[in-house]
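*Asks:* Quick one, run.cif (mmCIF, C-alpha atoms and all ligand atoms):
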data_data
#
loop_
_atom_site.group_PDB
_atom_site.id
_atom_site.type_symbol
_atom_site.label_atom_id
_atom_site.label_comp_id
_atom_site.auth_asym_id
_atom_site.auth_seq_id
_atom_site.Cartn_x
_atom_site.Cartn_y
_atom_site.Cartn_z
ATOM 1 C CA MET A 1 10.710 -8.750 -4.341
ATOM 2 C CA ARG A 2 8.313 -9.531 -1.481
ATOM 3 C CA LEU A 3 5.345 -7.573 -2.786
ATOM 4 C CA ILE A 4 1.720 -7.929 -1.765
ATOM 5 C CA ILE A 5 -0.572 -6.992 -4.645
ATOM 6 C CA ALA A 6 -4.351 -6.901 -4.111
ATOM 7 C CA VAL A 7 -6.697 -7.435 -7.071
ATOM 8 C CA ASP A 8 -10.365 -6.855 -6.237
ATOM 9 C CA GLY A 9 -13.474 -6.454 -8.332
ATOM 10 C CA PRO A 10 -16.961 -7.753 -9.104
ATOM 11 C CA ALA A 11 -17.783 -11.185 -10.514
ATOM 12 C CA ALA A 12 -16.226 -12.245 -13.819
ATOM 13 C CA ALA A 13 -14.380 -8.944 -14.303
ATOM 14 C CA GLY A 14 -11.115 -10.714 -15.132
ATOM 15 C CA LYS A 15 -9.443 -10.192 -11.765
ATOM 16 C CA GLY A 16 -8.482 -13.873 -11.477
ATOM 17 C CA THR A 17 -6.960 -13.866 -14.964
ATOM 18 C CA LEU A 18 -4.990 -10.712 -14.185
ATOM 19 C CA ALA A 19 -3.874 -11.903 -10.744
ATOM 20 C CA LYS A 20 -2.644 -15.236 -12.084
ATOM 21 C CA ALA A 21 -0.724 -13.679 -14.982
ATOM 22 C CA LEU A 22 0.716 -10.916 -12.810
ATOM 23 C CA ALA A 23 1.891 -13.470 -10.242
ATOM 24 C CA MET A 24 3.590 -15.511 -12.941
ATOM 25 C CA ALA A 25 5.248 -12.460 -14.492
ATOM 26 C CA LEU A 26 6.555 -11.265 -11.124
ATOM 27 C CA GLY A 27 7.476 -14.698 -9.732
ATOM 28 C CA LEU A 28 5.024 -14.385 -6.839
ATOM 29 C CA PRO A 29 2.551 -16.933 -5.455
ATOM 30 C CA HIS A 30 -1.101 -16.403 -6.436
ATOM 31 C CA LEU A 31 -4.128 -16.871 -4.200
ATOM 32 C CA ASP A 32 -7.673 -16.883 -5.584
ATOM 33 C CA THR A 33 -9.640 -16.166 -2.395
ATOM 34 C CA GLY A 34 -12.986 -16.819 -4.105
ATOM 35 C CA LEU A 35 -11.969 -20.481 -4.113
ATOM 36 C CA LEU A 36 -11.884 -20.460 -0.299
ATOM 37 C CA TYR A 37 -15.512 -19.300 -0.116
ATOM 38 C CA ARG A 38 -16.493 -21.716 -2.864
ATOM 39 C CA ALA A 39 -14.801 -24.624 -1.056
ATOM 40 C CA VAL A 40 -16.569 -23.784 2.224
ATOM 41 C CA ALA A 41 -19.916 -23.812 0.402
ATOM 42 C CA ARG A 42 -19.119 -27.166 -1.265
ATOM 43 C CA GLN A 43 -17.965 -28.784 1.997
ATOM 44 C CA MET A 44 -21.102 -27.543 3.772
ATOM 45 C CA ILE A 45 -23.303 -29.112 1.094
ATOM 46 C CA LEU A 46 -21.335 -32.377 1.314
ATOM 47 C CA SER A 47 -21.956 -32.395 5.091
ATOM 48 C CA GLY A 48 -25.670 -31.863 4.583
ATOM 49 C CA LEU A 49 -25.568 -28.189 5.624
ATOM 50 C CA ASP A 50 -27.225 -25.321 3.799
ATOM 51 C CA PRO A 51 -24.620 -22.667 2.807
ATOM 52 C CA ALA A 52 -27.297 -20.046 3.478
ATOM 53 C CA SER A 53 -27.555 -21.172 7.125
ATOM 54 C CA ASP A 54 -25.316 -19.602 9.757
ATOM 55 C CA ASP A 55 -23.317 -22.813 10.236
ATOM 56 C CA GLY A 56 -20.188 -22.286 8.123
ATOM 57 C CA GLU A 57 -17.623 -21.513 10.819
ATOM 58 C CA GLN A 58 -16.575 -25.126 11.625
ATOM 59 C CA THR A 59 -16.319 -25.936 7.939
ATOM 60 C CA ALA A 60 -14.152 -22.872 7.298
ATOM 61 C CA HIS A 61 -11.767 -23.863 10.110
ATOM 62 C CA ALA A 62 -11.607 -27.467 8.870
ATOM 63 C CA LEU A 63 -10.910 -26.584 5.209
ATOM 64 C CA GLN A 64 -8.102 -28.700 3.681
ATOM 65 C CA PRO A 65 -5.851 -27.739 0.728
ATOM 66 C CA ALA A 66 -7.371 -30.592 -1.321
ATOM 67 C CA ASP A 67 -10.839 -29.040 -0.887
ATOM 68 C CA LEU A 68 -9.684 -26.154 -3.101
ATOM 69 C CA LEU A 69 -8.691 -28.477 -5.932
ATOM 70 C CA ARG A 70 -12.120 -29.998 -6.585
ATOM 71 C CA ASP A 71 -13.464 -29.593 -10.115
ATOM 72 C CA ASP A 72 -17.026 -28.810 -8.984
ATOM 73 C CA LEU A 73 -16.426 -25.398 -7.429
ATOM 74 C CA ARG A 74 -17.248 -23.251 -10.465
ATOM 75 C CA VAL A 75 -20.868 -24.224 -10.966
ATOM 76 C CA PRO A 76 -23.994 -22.074 -10.441
ATOM 77 C CA GLU A 77 -24.941 -23.884 -7.207
ATOM 78 C CA ILE A 78 -21.569 -22.920 -5.727
ATOM 79 C CA ASP A 79 -21.688 -19.354 -7.158
ATOM 80 C CA ARG A 80 -24.771 -18.887 -4.979
ATOM 81 C CA GLY A 81 -23.418 -20.935 -2.060
ATOM 82 C CA ALA A 82 -20.139 -18.983 -1.914
ATOM 83 C CA SER A 83 -21.971 -15.705 -1.982
ATOM 84 C CA ALA A 84 -24.149 -16.902 0.923
ATOM 85 C CA VAL A 85 -21.292 -18.149 3.135
ATOM 86 C CA ALA A 86 -19.372 -14.950 2.376
ATOM 87 C CA THR A 87 -21.926 -12.979 4.413
ATOM 88 C CA GLN A 88 -21.081 -14.929 7.611
ATOM 89 C CA THR A 89 -18.722 -12.997 9.903
ATOM 90 C CA PRO A 90 -17.187 -16.121 11.580
ATOM 91 C CA VAL A 91 -16.461 -17.676 8.166
ATOM 92 C CA ARG A 92 -14.715 -14.508 7.021
ATOM 93 C CA ALA A 93 -12.694 -14.376 10.258
ATOM 94 C CA ALA A 94 -11.524 -17.996 9.814
ATOM 95 C CA LEU A 95 -10.530 -17.380 6.185
ATOM 96 C CA LEU A 96 -8.861 -14.043 6.953
ATOM 97 C CA LYS A 97 -6.142 -15.803 8.953
ATOM 98 C CA ARG A 98 -5.425 -18.233 6.107
ATOM 99 C CA GLN A 99 -5.206 -15.430 3.558
ATOM 100 C CA ARG A 100 -2.782 -13.416 5.665
ATOM 101 C CA GLU A 101 -0.592 -16.444 6.391
ATOM 102 C CA PHE A 102 -0.446 -17.292 2.687
ATOM 103 C CA ALA A 103 0.960 -13.933 1.646
ATOM 104 C CA THR A 104 3.017 -12.849 4.596
ATOM 105 C CA ALA A 105 6.002 -15.169 4.097
ATOM 106 C CA SER A 106 6.969 -14.439 0.499
ATOM 107 C CA GLY A 107 4.470 -11.888 -0.820
ATOM 108 C CA ALA A 108 1.671 -12.733 -3.240
ATOM 109 C CA VAL A 109 -0.847 -11.533 -5.756
ATOM 110 C CA ILE A 110 -4.256 -12.082 -4.157
ATOM 111 C CA ASP A 111 -7.617 -11.643 -5.814
ATOM 112 C CA GLY A 112 -11.034 -11.281 -4.221
ATOM 113 C CA ARG A 113 -13.514 -8.707 -3.015
ATOM 114 C CA ASP A 114 -12.006 -7.263 0.180
ATOM 115 C CA ILE A 115 -8.263 -7.784 -0.229
ATOM 116 C CA GLY A 116 -7.355 -4.104 -0.518
ATOM 117 C CA THR A 117 -9.891 -2.985 2.088
ATOM 118 C CA VAL A 118 -9.764 -5.660 4.821
ATOM 119 C CA VAL A 119 -7.299 -8.506 4.244
ATOM 120 C CA PHE A 120 -4.292 -6.386 3.252
ATOM 121 C CA PRO A 121 -5.244 -2.718 3.702
ATOM 122 C CA ASP A 122 -1.481 -1.933 3.554
ATOM 123 C CA ALA A 123 -0.853 -3.898 0.345
ATOM 124 C CA ASP A 124 2.006 -2.504 -1.749
ATOM 125 C CA LEU A 125 -0.290 -2.086 -4.740
ATOM 126 C CA LYS A 126 -4.041 -2.423 -5.251
ATOM 127 C CA PHE A 127 -6.020 -2.875 -8.437
ATOM 128 C CA PHE A 128 -9.801 -2.755 -8.743
ATOM 129 C CA VAL A 129 -10.740 -4.526 -11.964
ATOM 130 C CA THR A 130 -14.163 -3.985 -13.463
ATOM 131 C CA ALA A 131 -16.220 -4.152 -16.659
ATOM 132 C CA SER A 132 -19.851 -3.644 -17.627
ATOM 133 C CA ALA A 133 -22.308 -6.405 -16.661
ATOM 134 C CA ALA A 134 -22.838 -7.301 -20.343
ATOM 135 C CA VAL A 135 -19.121 -7.805 -20.978
ATOM 136 C CA ARG A 136 -18.692 -9.768 -17.772
ATOM 137 C CA ALA A 137 -21.623 -12.049 -18.659
ATOM 138 C CA LEU A 138 -20.083 -12.755 -22.081
ATOM 139 C CA ARG A 139 -16.691 -13.537 -20.531
ATOM 140 C CA ARG A 140 -18.209 -15.890 -17.980
ATOM 141 C CA TYR A 141 -20.247 -17.587 -20.727
ATOM 142 C CA GLN A 142 -17.117 -18.162 -22.805
ATOM 143 C CA GLN A 143 -15.224 -19.401 -19.751
ATOM 144 C CA LEU A 144 -17.982 -21.955 -19.097
ATOM 145 C CA HIS A 145 -18.904 -22.950 -22.662
ATOM 146 C CA GLY A 146 -16.027 -21.986 -24.970
ATOM 147 C CA VAL A 147 -16.199 -19.482 -27.812
ATOM 148 C CA ALA A 148 -19.508 -20.651 -29.351
ATOM 149 C CA LYS A 149 -21.848 -17.721 -30.047
ATOM 150 C CA PRO A 150 -24.158 -17.500 -27.042
ATOM 151 C CA ASP A 151 -27.902 -17.328 -27.079
ATOM 152 C CA GLN A 152 -29.079 -13.846 -25.978
ATOM 153 C CA ALA A 153 -31.497 -15.320 -23.415
ATOM 154 C CA ASP A 154 -28.638 -17.310 -21.804
ATOM 155 C CA LEU A 155 -26.494 -14.173 -21.691
ATOM 156 C CA ASP A 156 -29.303 -12.138 -20.112
ATOM 157 C CA LEU A 157 -29.797 -14.813 -17.455
ATOM 158 C CA LEU A 158 -26.074 -14.925 -16.688
ATOM 159 C CA ALA A 159 -25.897 -11.120 -16.485
ATOM 160 C CA ALA A 160 -28.838 -11.102 -14.049
ATOM 161 C CA GLU A 161 -27.161 -13.759 -11.850
ATOM 162 C CA ILE A 162 -23.864 -11.876 -11.872
ATOM 163 C CA GLU A 163 -25.575 -8.589 -10.974
ATOM 164 C CA ALA A 164 -27.534 -10.246 -8.150
ATOM 165 C CA ARG A 165 -24.306 -11.684 -6.697
ATOM 166 C CA ASP A 166 -22.514 -8.315 -7.011
ATOM 167 C CA ARG A 167 -25.395 -6.604 -5.244
ATOM 168 C CA LYS A 168 -25.253 -9.130 -2.420
ATOM 169 C CA ASP A 169 -21.452 -8.754 -2.173
ATOM 170 C CA ALA A 170 -21.643 -4.953 -2.182
ATOM 171 C CA GLU A 171 -24.547 -4.634 0.246
ATOM 172 C CA ARG A 172 -23.465 -7.083 2.954
ATOM 173 C CA PRO A 173 -22.406 -5.359 6.193
ATOM 174 C CA VAL A 174 -19.242 -7.439 6.649
ATOM 175 C CA SER A 175 -16.328 -6.750 4.267
ATOM 176 C CA PRO A 176 -18.480 -5.538 1.375
ATOM 177 C CA LEU A 177 -17.160 -5.376 -2.172
ATOM 178 C CA ARG A 178 -15.853 -1.864 -2.715
ATOM 179 C CA GLN A 179 -12.903 -0.137 -4.304
ATOM 180 C CA ALA A 180 -10.234 0.824 -1.743
ATOM 181 C CA ASP A 181 -9.508 4.561 -1.769
ATOM 182 C CA ASP A 182 -5.948 3.927 -2.903
ATOM 183 C CA ALA A 183 -6.760 1.212 -5.491
ATOM 184 C CA ILE A 184 -6.077 1.788 -9.182
ATOM 185 C CA LEU A 185 -9.249 1.336 -11.221
ATOM 186 C CA VAL A 186 -8.816 -0.831 -14.318
ATOM 187 C CA GLU A 187 -11.841 -0.756 -16.645
ATOM 188 C CA THR A 188 -11.576 -3.726 -18.981
ATOM 189 C CA ASP A 189 -14.565 -3.432 -21.344
ATOM 190 C CA HIS A 190 -12.223 -2.602 -24.222
ATOM 191 C CA LEU A 191 -9.087 -4.429 -23.077
ATOM 192 C CA ASP A 192 -8.277 -8.103 -23.576
ATOM 193 C CA ALA A 193 -6.403 -10.120 -20.939
ATOM 194 C CA GLN A 194 -2.993 -9.365 -22.495
ATOM 195 C CA ALA A 195 -3.646 -5.635 -22.575
ATOM 196 C CA VAL A 196 -4.827 -5.639 -18.958
ATOM 197 C CA LEU A 197 -1.664 -7.495 -17.918
ATOM 198 C CA ALA A 198 0.584 -5.107 -19.872
ATOM 199 C CA HIS A 199 -1.148 -2.123 -18.250
ATOM 200 C CA ALA A 200 -0.808 -3.587 -14.742
ATOM 201 C CA LEU A 201 2.840 -4.531 -15.310
ATOM 202 C CA SER A 202 3.656 -1.026 -16.508
ATOM 203 C CA ILE A 203 2.203 0.324 -13.262
ATOM 204 C CA VAL A 204 4.218 -2.188 -11.197
ATOM 205 C CA LYS A 205 7.402 -1.200 -13.062
ATOM 206 C CA THR A 206 6.800 2.522 -12.588
ATOM 207 C CA ARG A 207 5.886 2.123 -8.942
ATOM 208 C CA PHE A 208 8.704 -0.226 -7.923
ATOM 209 C CA ALA A 209 11.265 0.384 -10.672
ATOM 210 C CA THR A 210 11.744 -3.394 -11.161
HETATM 211 O O1 LIG B 1 -14.931 -15.828 -10.137
HETATM 212 P P1 LIG B 1 -16.001 -14.919 -9.614
HETATM 213 O O2 LIG B 1 -15.616 -13.487 -9.720
HETATM 214 O O3 LIG B 1 -17.358 -15.206 -10.187
HETATM 215 O O4 LIG B 1 -16.210 -15.267 -8.062
HETATM 216 P P2 LIG B 1 -15.125 -15.650 -6.976
HETATM 217 O O5 LIG B 1 -14.012 -14.653 -6.953
HETATM 218 O O6 LIG B 1 -14.761 -17.085 -7.131
HETATM 219 O O7 LIG B 1 -15.962 -15.450 -5.602
HETATM 220 C C1 LIG B 1 -17.132 -16.206 -5.320
HETATM 221 C C2 LIG B 1 -17.878 -15.496 -4.200
HETATM 222 O O8 LIG B 1 -17.081 -15.555 -3.008
HETATM 223 C C3 LIG B 1 -18.159 -14.018 -4.422
HETATM 224 O O9 LIG B 1 -19.392 -13.775 -5.075
HETATM 225 C C4 LIG B 1 -18.176 -13.466 -3.002
HETATM 226 O O10 LIG B 1 -19.467 -13.604 -2.421
HETATM 227 C C5 LIG B 1 -17.227 -14.364 -2.248
HETATM 228 N N1 LIG B 1 -15.913 -13.737 -2.009
HETATM 229 C C6 LIG B 1 -15.806 -12.836 -0.975
HETATM 230 O O11 LIG B 1 -16.778 -12.504 -0.317
HETATM 231 N N2 LIG B 1 -14.599 -12.311 -0.653
HETATM 232 C C7 LIG B 1 -13.500 -12.642 -1.352
HETATM 233 N N3 LIG B 1 -12.319 -12.122 -1.007
HETATM 234 C C8 LIG B 1 -13.597 -13.526 -2.441
HETATM 235 C C9 LIG B 1 -14.826 -14.060 -2.765
#
Starting from the coordinates I provided, produce the structure as structure tokens.
Ligand code: CDP
*Replies:*
Amino acid sequence: MRLIIAVDGPAAAGKGTLAKALAMALGLPHLDTGLLYRAVARQMILSGLDPASDDGEQTAHALQPADLLRDDLRVPEIDRGASAVATQTPVRAALLKRQREFATASGAVIDGRDIGTVVFPDADLKFFVTASAAVRALRRYQQLHGVAKPDQADLDLLAAEIEARDRKDAERPVSPLRQADDAILVETDHLDAQAVLAHALSIVKTRFAT
């Protein structure tokens, strides 16, 4: 089925995990749009540009598929860089076209911040995945460092960084992070990845009788 499913939410809420698993279960392509913003920030730095400057447009237009495969996109420098380039209207316009082209041919599960509101406002189904800042900080810590018991000071720092990025994403004038009116809210504080997937799949099945 050629479905377009939008999965939005704040940082480290588990939207990428859900989107990837949902795509696999439904046989759809998956696009992690955060990677596009991360890759623009990385390419700007490699060209000697500051991601916080207003100069990201050229880089966004010149982005190559291989730029998304780098293994240095999920580091704190790029968390901040992506969040800075994401405030630039011309960067968002350049990436919007790519996102729409990706999903239009065969459908897709796409995760990000503005998929249900701006990129695909007519998506067949929209999820808004969230969790408390404390839970999200713990998940991101475990994603970065494995299951070792974290130091509370490290967790507090991570939670503060995540909240600062969410605030910036939610307060920017262009395509801010917000739940679309017709998105289904999925609160994941007390749900593991499998439970979130099962919940989302049950909604897909009810909605589309697959
Ligand atoms: O994985 P995590 O939730 O930490 O972040 P991400 O999805 O990789 O996104 C990194 C940054 O890109 C976000 O903080 C946003 O500033 C930006 N972004 C955006 O503005 N719009 C999107 N559709 C996706 C990401």
*Asks:* Using 6 Å of padding on each side, determine the axis-aligned box around all atoms of ligand LIG 1 (chain B) present in the file and give its centre and edge lengths in Å to one decimal, as lines of an AutoDock Vina configuration file.
*Replies:*
center_x = -15.9
center_y = -14.6
center_z = -5.3
size_x = 19.1
size_y = 17.0
size_z = 21.9
*Asks:* For the file shown, report as a PyMOL selection string the outcome of the PyMOL selection byres (((chain A and resi 139) around 12) and not hetatm) at residue level.
*Replies:* chain A and resi 11-15+17+131-138+140-150+155+158-159+162+188-189+192-193
*Asks:* Give me a file of those residues, with C-alpha atoms, as a PDB file, in the frame of the given file.
*Replies:*
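Written output follows (again_30.pdb):
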ATOM      1  CA  ALA A  11     -17.783 -11.185 -10.514  1.00  0.00           C
ATOM      2  CA  ALA A  12     -16.226 -12.245 -13.819  1.00  0.00           C
ATOM      3  CA  ALA A  13     -14.380  -8.944 -14.303  1.00  0.00           C
ATOM      4  CA  GLY A  14     -11.115 -10.714 -15.132  1.00  0.00           C
ATOM      5  CA  LYS A  15      -9.443 -10.192 -11.765  1.00  0.00           C
ATOM      6  CA  THR A  17      -6.960 -13.866 -14.964  1.00  0.00           C
ATOM      7  CA  ALA A 131     -16.220  -4.152 -16.659  1.00  0.00           C
ATOM      8  CA  SER A 132     -19.851  -3.644 -17.627  1.00  0.00           C
ATOM      9  CA  ALA A 133     -22.308  -6.405 -16.661  1.00  0.00           C
ATOM     10  CA  ALA A 134     -22.838  -7.301 -20.343  1.00  0.00           C
ATOM     11  CA  VAL A 135     -19.121  -7.805 -20.978  1.00  0.00           C
ATOM     12  CA  ARG A 136     -18.692  -9.768 -17.772  1.00  0.00           C
ATOM     13  CA  ALA A 137     -21.623 -12.049 -18.659  1.00  0.00           C
ATOM     14  CA  LEU A 138     -20.083 -12.755 -22.081  1.00  0.00           C
ATOM     15  CA  ARG A 140     -18.209 -15.890 -17.980  1.00  0.00           C
ATOM     16  CA  TYR A 141     -20.247 -17.587 -20.727  1.00  0.00           C
ATOM     17  CA  GLN A 142     -17.117 -18.162 -22.805  1.00  0.00           C
ATOM     18  CA  GLN A 143     -15.224 -19.401 -19.751  1.00  0.00           C
ATOM     19  CA  LEU A 144     -17.982 -21.955 -19.097  1.00  0.00           C
ATOM     20  CA  HIS A 145     -18.904 -22.950 -22.662  1.00  0.00           C
ATOM     21  CA  GLY A 146     -16.027 -21.986 -24.970  1.00  0.00           C
ATOM     22  CA  VAL A 147     -16.199 -19.482 -27.812  1.00  0.00           C
ATOM     23  CA  ALA A 148     -19.508 -20.651 -29.351  1.00  0.00           C
ATOM     24  CA  LYS A 149     -21.848 -17.721 -30.047  1.00  0.00           C
ATOM     25  CA  PRO A 150     -24.158 -17.500 -27.042  1.00  0.00           C
ATOM     26  CA  LEU A 155     -26.494 -14.173 -21.691  1.00  0.00           C
ATOM     27  CA  LEU A 158     -26.074 -14.925 -16.688  1.00  0.00           C
ATOM     28  CA  ALA A 159     -25.897 -11.120 -16.485  1.00  0.00           C
ATOM     29  CA  ILE A 162     -23.864 -11.876 -11.872  1.00  0.00           C
ATOM     30  CA  THR A 188     -11.576  -3.726 -18.981  1.00  0.00           C
ATOM     31  CA  ASP A 189     -14.565  -3.432 -21.344  1.00  0.00           C
ATOM     32  CA  ASP A 192      -8.277  -8.103 -23.576  1.00  0.00           C
ATOM     33  CA  ALA A 193      -6.403 -10.120 -20.939  1.00  0.00           C
TER      34      ALA A 193
END
*Asks:* Check which residues satisfy the PyMOL selection byres (((not hetatm)) within 9 of (chain B and resi 1)) in the file shown, then give them as a PyMOL selection string.
*Replies:* chain A and resi 8-16+32-38+73-74+78-87+92+96+110-115+119+140+162+165-166+168-170+174-177
*Asks:* Report the distance between atom CA of Ile4 of chain A and atom CA of Pro29 of chain A in Å, rounded to one decimal place.
*Replies:*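 Separation between atom CA of Ile4 of chain A and atom CA of Pro29 of chain A: 9.8 Å.
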*Asks:* Given the file shown, determine the residues that the PyMOL selection byres (((chain A and resi 121-125) around 8) and not hetatm) selects; report them as a ChimeraX atom specification.
*Replies:* /A:3-6,115-120,126-127,183,204
*Asks:* Take the residues from that selection and write them out as a compact mmCIF listing (two decimals), keeping the file's coordinate frame, keeping C-alpha atoms.
*Replies:*
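Below you can see result20.txt, which holds the result:
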# COMPACT_ATOMS: atom_id res chain seq x y z
CA LEU A 3 5.34 -7.57 -2.79
CA ILE A 4 1.72 -7.93 -1.76
CA ILE A 5 -0.57 -6.99 -4.64
CA ALA A 6 -4.35 -6.90 -4.11
CA ILE A 115 -8.26 -7.78 -0.23
CA GLY A 116 -7.36 -4.10 -0.52
CA THR A 117 -9.89 -2.98 2.09
CA VAL A 118 -9.76 -5.66 4.82
CA VAL A 119 -7.30 -8.51 4.24
CA PHE A 120 -4.29 -6.39 3.25
CA LYS A 126 -4.04 -2.42 -5.25
CA PHE A 127 -6.02 -2.88 -8.44
CA ALA A 183 -6.76 1.21 -5.49
CA VAL A 204 4.22 -2.19 -11.20
*Asks:* Go through A:Ala195, A:Val91, A:Ala39, A:Met44 one by one, measure the shortest atom-to-atom distance of each to Asp72 of chain A using only C-alpha atoms, and give the residue with the smallest value.
*Replies:* A:Ala39
*Asks:* For atom CA of Ala180 of chain A and atom CA of Thr89 of chain A, quote the distance in Å rounded to one decimal.
*Replies:*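 Computing it gives 20.0 Å between the two atoms.
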*Asks:* Report, in Å to a single decimal, how far apart atom CA of His190 of chain A and atom CA of Val75 of chain A are.
*Replies:* 26.8 Å
*Asks:* Pick the closest to His30 of chain A from A:Leu69, A:Ala62, A:Leu191, A:Ala103: which is it, counting only C-alpha atoms?
*Replies:*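 Among the listed residues, A:Ala103 lies closest to His30 of chain A.
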*Asks:* Where atoms are absent from segment 4-11 of chain A, fill them in so it carries all heavy atoms, then output it as a CSV table (one decimal), keeping the file's coordinate frame.
*Replies:*
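Here's the written file rebuild23.csv:
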chain,number,residue,atom,x,y,z
A,4,ILE,N,3.1,-7.5,-1.9
A,4,ILE,CA,1.7,-7.9,-1.8
A,4,ILE,C,0.9,-7.1,-2.7
A,4,ILE,O,0.8,-5.8,-2.5
A,4,ILE,CB,1.2,-7.9,-0.3
A,4,ILE,CG1,2.1,-8.9,0.5
A,4,ILE,CG2,-0.3,-8.2,-0.2
A,4,ILE,CD1,1.7,-9.0,2.0
A,5,ILE,N,0.2,-7.7,-3.7
A,5,ILE,CA,-0.6,-7.0,-4.6
A,5,ILE,C,-2.0,-7.5,-4.5
A,5,ILE,O,-2.3,-8.7,-4.7
A,5,ILE,CB,0.0,-7.2,-6.1
A,5,ILE,CG1,1.4,-6.7,-6.2
A,5,ILE,CG2,-0.9,-6.5,-7.1
A,5,ILE,CD1,2.1,-6.8,-7.5
A,6,ALA,N,-2.9,-6.6,-4.3
A,6,ALA,CA,-4.4,-6.9,-4.1
A,6,ALA,C,-5.1,-6.6,-5.4
A,6,ALA,O,-4.9,-5.6,-6.1
A,6,ALA,CB,-5.0,-6.0,-3.0
A,7,VAL,N,-5.9,-7.6,-5.8
A,7,VAL,CA,-6.7,-7.4,-7.1
A,7,VAL,C,-8.2,-7.7,-6.7
A,7,VAL,O,-8.5,-8.9,-6.5
A,7,VAL,CB,-6.2,-8.4,-8.2
A,7,VAL,CG1,-7.0,-8.1,-9.5
A,7,VAL,CG2,-4.7,-8.2,-8.5
A,8,ASP,N,-9.0,-6.7,-6.6
A,8,ASP,CA,-10.4,-6.9,-6.2
A,8,ASP,C,-11.3,-6.5,-7.4
A,8,ASP,O,-10.8,-5.8,-8.4
A,8,ASP,CB,-10.7,-6.0,-5.0
A,8,ASP,CG,-10.1,-6.5,-3.7
A,8,ASP,OD1,-10.3,-7.6,-3.4
A,8,ASP,OD2,-9.4,-5.7,-3.1
A,9,GLY,N,-12.5,-6.8,-7.3
A,9,GLY,CA,-13.5,-6.5,-8.3
A,9,GLY,C,-14.7,-7.3,-8.3
A,9,GLY,O,-14.7,-8.3,-7.6
A,10,PRO,N,-15.7,-7.0,-9.1
A,10,PRO,CA,-17.0,-7.8,-9.1
A,10,PRO,C,-16.8,-9.1,-9.9
A,10,PRO,O,-15.7,-9.3,-10.4
A,10,PRO,CB,-17.9,-6.8,-9.8
A,10,PRO,CG,-17.1,-6.0,-10.7
A,10,PRO,CD,-15.8,-5.8,-9.9
A,11,ALA,N,-17.8,-9.9,-9.9
A,11,ALA,CA,-17.8,-11.2,-10.5
A,11,ALA,C,-17.4,-11.1,-12.0
A,11,ALA,O,-17.9,-10.3,-12.7
A,11,ALA,CB,-19.1,-11.9,-10.4
